[in-house]
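Worksheet for the structure shown next.
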Amino acid sequence: MRRTFTEVRECAAAVEAHIMQTKAFDSTKVVLYGESDIALIIEWASKRAGLEFEQVLQPDGKTGVPEKVPGIVGECADSAAAETLTAQGCISVYEVAEREEQE
């Protein structure tokens, strides 16, 4: 259990650092595309930074990513939509949390 709590703290610190970095680029909002097990951490870090948080549960990747709005692709997002969103400048939740995706 101690190892799990340590992992959560490290993940939260990495997410918070990423969100604070995006705020430095005049972002006012963070969008999470798809579902994620760490959605609450992303939302918490966004609000802590004074940024609006939005979650798009069923992204299709066709609507486009707004400028100056950091997009995070959740690990449960549809793979085709995730590829499209990444090509549009979104970042994977694994990169934000500084973790390796494991199969």
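Labels for the structure tokens follow display order: chains A, B, ..., residues from 1 in each chain, ligands from 1.
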For stretch 50-57 of chain A: contacts at 8 Å, only C-alpha atoms, fewer than 5 positions along chain excluded, given as a list in words: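 Result of the neighbour search: Lys23, Ser27, Thr28, Lys29, Val30, Val31, Leu32, Tyr33, Gly34, Glu35 and Glu43 of chain A.
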Those in chain A with strand (DSSP E) from DSSP, as a VMD selection string: chain A and resid 29 to 33 52 to 56 71 to 73 91 to 92
Quick one: write out the picked residues with C-alpha atoms as a short mmCIF file (atom, residue, chain, number, x, y, z; two decimals), in the first residue's frame?
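Wrote selection.cif, looks like this:
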data_model
loop_
_atom_site.label_atom_id
_atom_site.label_comp_id
_atom_site.auth_asym_id
_atom_site.auth_seq_id
_atom_site.Cartn_x
_atom_site.Cartn_y
_atom_site.Cartn_z
CA LYS A 29 -8.36 25.77 -19.55
CA VAL A 30 -7.29 22.11 -19.61
CA VAL A 31 -9.26 19.53 -21.59
CA LEU A 32 -9.10 15.80 -20.90
CA TYR A 33 -10.21 13.77 -23.92
CA GLU A 52 -10.89 25.67 -16.00
CA PHE A 53 -11.15 21.89 -16.45
CA GLU A 54 -13.29 20.12 -19.03
CA GLN A 55 -13.58 16.42 -19.80
CA VAL A 56 -14.82 15.25 -23.20
CA GLY A 71 -5.33 18.75 -24.38
CA ILE A 72 -4.62 15.53 -22.54
CA VAL A 73 -5.64 12.21 -24.07
CA ILE A 91 -0.37 14.90 -25.09
CA SER A 92 -0.91 11.43 -23.68
#
Filtered DSSP result for chain A, state helix (DSSP H, G or I), as number ranges by chain: A: 2-23, 39-48, 79-87, 93-96
Prev. selection, N, CA and C atoms, output as a CSV table (one decimal), in the first residue's frame:
chain,number,residue,atom,x,y,z
A,2,ARG,N,2.0,1.2,0.7
A,2,ARG,CA,2.9,2.3,0.8
A,2,ARG,C,3.4,2.6,-0.6
A,3,ARG,N,3.7,1.6,-1.4
A,3,ARG,CA,4.2,1.8,-2.7
A,3,ARG,C,3.2,2.4,-3.6
A,4,THR,N,1.9,2.1,-3.5
A,4,THR,CA,0.8,2.7,-4.2
A,4,THR,C,0.7,4.1,-3.9
A,5,PHE,N,0.7,4.5,-2.6
A,5,PHE,CA,0.6,5.9,-2.2
A,5,PHE,C,1.8,6.7,-2.8
A,6,THR,N,2.9,6.1,-2.8
A,6,THR,CA,4.1,6.8,-3.3
A,6,THR,C,3.9,7.1,-4.8
A,7,GLU,N,3.4,6.1,-5.5
A,7,GLU,CA,3.1,6.2,-6.9
A,7,GLU,C,2.1,7.3,-7.2
A,8,VAL,N,1.1,7.4,-6.4
A,8,VAL,CA,0.0,8.4,-6.6
A,8,VAL,C,0.6,9.8,-6.3
A,9,ARG,N,1.4,9.9,-5.3
A,9,ARG,CA,2.0,11.2,-5.0
A,9,ARG,C,2.9,11.7,-6.1
A,10,GLU,N,3.7,10.7,-6.6
A,10,GLU,CA,4.6,11.1,-7.8
A,10,GLU,C,3.8,11.5,-9.0
A,11,CYS,N,2.8,10.7,-9.3
A,11,CYS,CA,1.9,11.0,-10.4
A,11,CYS,C,1.3,12.4,-10.3
A,12,ALA,N,0.7,12.7,-9.1
A,12,ALA,CA,0.1,14.0,-8.8
A,12,ALA,C,1.1,15.1,-9.0
A,13,ALA,N,2.3,14.9,-8.5
A,13,ALA,CA,3.3,16.0,-8.6
A,13,ALA,C,3.7,16.2,-10.1
A,14,ALA,N,3.8,15.2,-10.9
A,14,ALA,CA,4.1,15.3,-12.3
A,14,ALA,C,3.0,16.0,-13.1
A,15,VAL,N,1.7,15.6,-12.7
A,15,VAL,CA,0.6,16.3,-13.4
A,15,VAL,C,0.5,17.7,-13.0
A,16,GLU,N,0.7,18.0,-11.7
A,16,GLU,CA,0.7,19.4,-11.3
A,16,GLU,C,1.8,20.3,-12.0
A,17,ALA,N,3.0,19.7,-12.1
A,17,ALA,CA,4.0,20.4,-12.8
A,17,ALA,C,3.7,20.7,-14.2
A,18,HIS,N,3.1,19.7,-14.9
A,18,HIS,CA,2.7,19.9,-16.3
A,18,HIS,C,1.7,21.0,-16.4
A,19,ILE,N,0.7,21.0,-15.6
A,19,ILE,CA,-0.4,21.9,-15.6
A,19,ILE,C,0.1,23.3,-15.3
A,20,MET,N,1.0,23.5,-14.4
A,20,MET,CA,1.6,24.8,-14.0
A,20,MET,C,2.4,25.3,-15.2
A,21,GLN,N,3.1,24.4,-15.9
A,21,GLN,CA,3.9,24.8,-17.1
A,21,GLN,C,3.0,25.3,-18.2
A,22,THR,N,1.8,24.6,-18.4
A,22,THR,CA,0.9,25.1,-19.4
A,22,THR,C,0.3,26.5,-19.0
A,23,LYS,N,0.1,26.7,-17.8
A,23,LYS,CA,-0.5,28.0,-17.3
A,23,LYS,C,0.5,29.1,-17.7
A,39,ALA,N,-8.3,11.2,-13.8
A,39,ALA,CA,-9.0,12.4,-14.1
A,39,ALA,C,-9.2,13.3,-12.9
A,40,LEU,N,-9.4,12.7,-11.8
A,40,LEU,CA,-9.5,13.6,-10.6
A,40,LEU,C,-8.2,14.3,-10.2
A,41,ILE,N,-7.1,13.7,-10.5
A,41,ILE,CA,-5.8,14.4,-10.3
A,41,ILE,C,-5.6,15.5,-11.3
A,42,ILE,N,-6.0,15.3,-12.5
A,42,ILE,CA,-5.9,16.3,-13.5
A,42,ILE,C,-6.8,17.5,-13.2
A,43,GLU,N,-8.0,17.2,-12.8
A,43,GLU,CA,-9.0,18.2,-12.5
A,43,GLU,C,-8.5,19.0,-11.2
A,44,TRP,N,-8.0,18.3,-10.2
A,44,TRP,CA,-7.5,18.9,-9.0
A,44,TRP,C,-6.3,19.9,-9.4
A,45,ALA,N,-5.4,19.4,-10.2
A,45,ALA,CA,-4.2,20.2,-10.5
A,45,ALA,C,-4.7,21.4,-11.3
A,46,SER,N,-5.6,21.3,-12.2
A,46,SER,CA,-6.1,22.4,-13.0
A,46,SER,C,-6.7,23.4,-12.1
A,47,LYS,N,-7.6,23.0,-11.3
A,47,LYS,CA,-8.3,24.0,-10.4
A,47,LYS,C,-7.3,24.7,-9.4
A,48,ARG,N,-6.3,23.9,-9.0
A,48,ARG,CA,-5.3,24.4,-8.1
A,48,ARG,C,-4.5,25.5,-8.8
A,79,SER,N,-8.6,4.5,-29.7
A,79,SER,CA,-7.3,4.6,-30.3
A,79,SER,C,-7.2,5.5,-31.5
A,80,ALA,N,-8.2,5.5,-32.4
A,80,ALA,CA,-8.3,6.3,-33.6
A,80,ALA,C,-8.4,7.8,-33.2
A,81,ALA,N,-9.3,8.1,-32.2
A,81,ALA,CA,-9.4,9.5,-31.8
A,81,ALA,C,-8.2,9.9,-31.1
A,82,ALA,N,-7.5,9.0,-30.3
A,82,ALA,CA,-6.3,9.4,-29.6
A,82,ALA,C,-5.2,9.8,-30.6
A,83,GLU,N,-5.1,9.0,-31.7
A,83,GLU,CA,-4.1,9.3,-32.7
A,83,GLU,C,-4.3,10.7,-33.3
A,84,THR,N,-5.6,10.9,-33.7
A,84,THR,CA,-5.9,12.2,-34.3
A,84,THR,C,-5.7,13.4,-33.3
A,85,LEU,N,-6.1,13.2,-32.1
A,85,LEU,CA,-5.8,14.3,-31.1
A,85,LEU,C,-4.4,14.5,-30.8
A,86,THR,N,-3.6,13.4,-30.8
A,86,THR,CA,-2.1,13.6,-30.6
A,86,THR,C,-1.5,14.3,-31.8
A,87,ALA,N,-2.0,14.0,-33.0
A,87,ALA,CA,-1.5,14.7,-34.2
A,87,ALA,C,-1.9,16.2,-34.2
A,93,VAL,N,-1.9,11.0,-21.5
A,93,VAL,CA,-1.9,11.1,-20.0
A,93,VAL,C,-0.7,10.4,-19.4
A,94,TYR,N,-0.1,9.5,-20.1
A,94,TYR,CA,1.1,8.8,-19.7
A,94,TYR,C,2.3,9.8,-19.6
A,95,GLU,N,2.4,10.6,-20.7
A,95,GLU,CA,3.4,11.6,-20.7
A,95,GLU,C,3.3,12.6,-19.6
A,96,VAL,N,2.0,13.1,-19.4
A,96,VAL,CA,1.8,14.1,-18.4
A,96,VAL,C,2.1,13.5,-17.0
Among the residues A:Gln88, A:Met1, A:Glu98, A:Cys76, the one that comes closest to A:Ser36 [using only C-alpha atoms]: A:Cys76
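Using only C-alpha atoms, the nearest neighbour of A:Cys90 within the list A:Phe25, A:Ile38, A:Gly74, A:Ala49 is A:Gly74.
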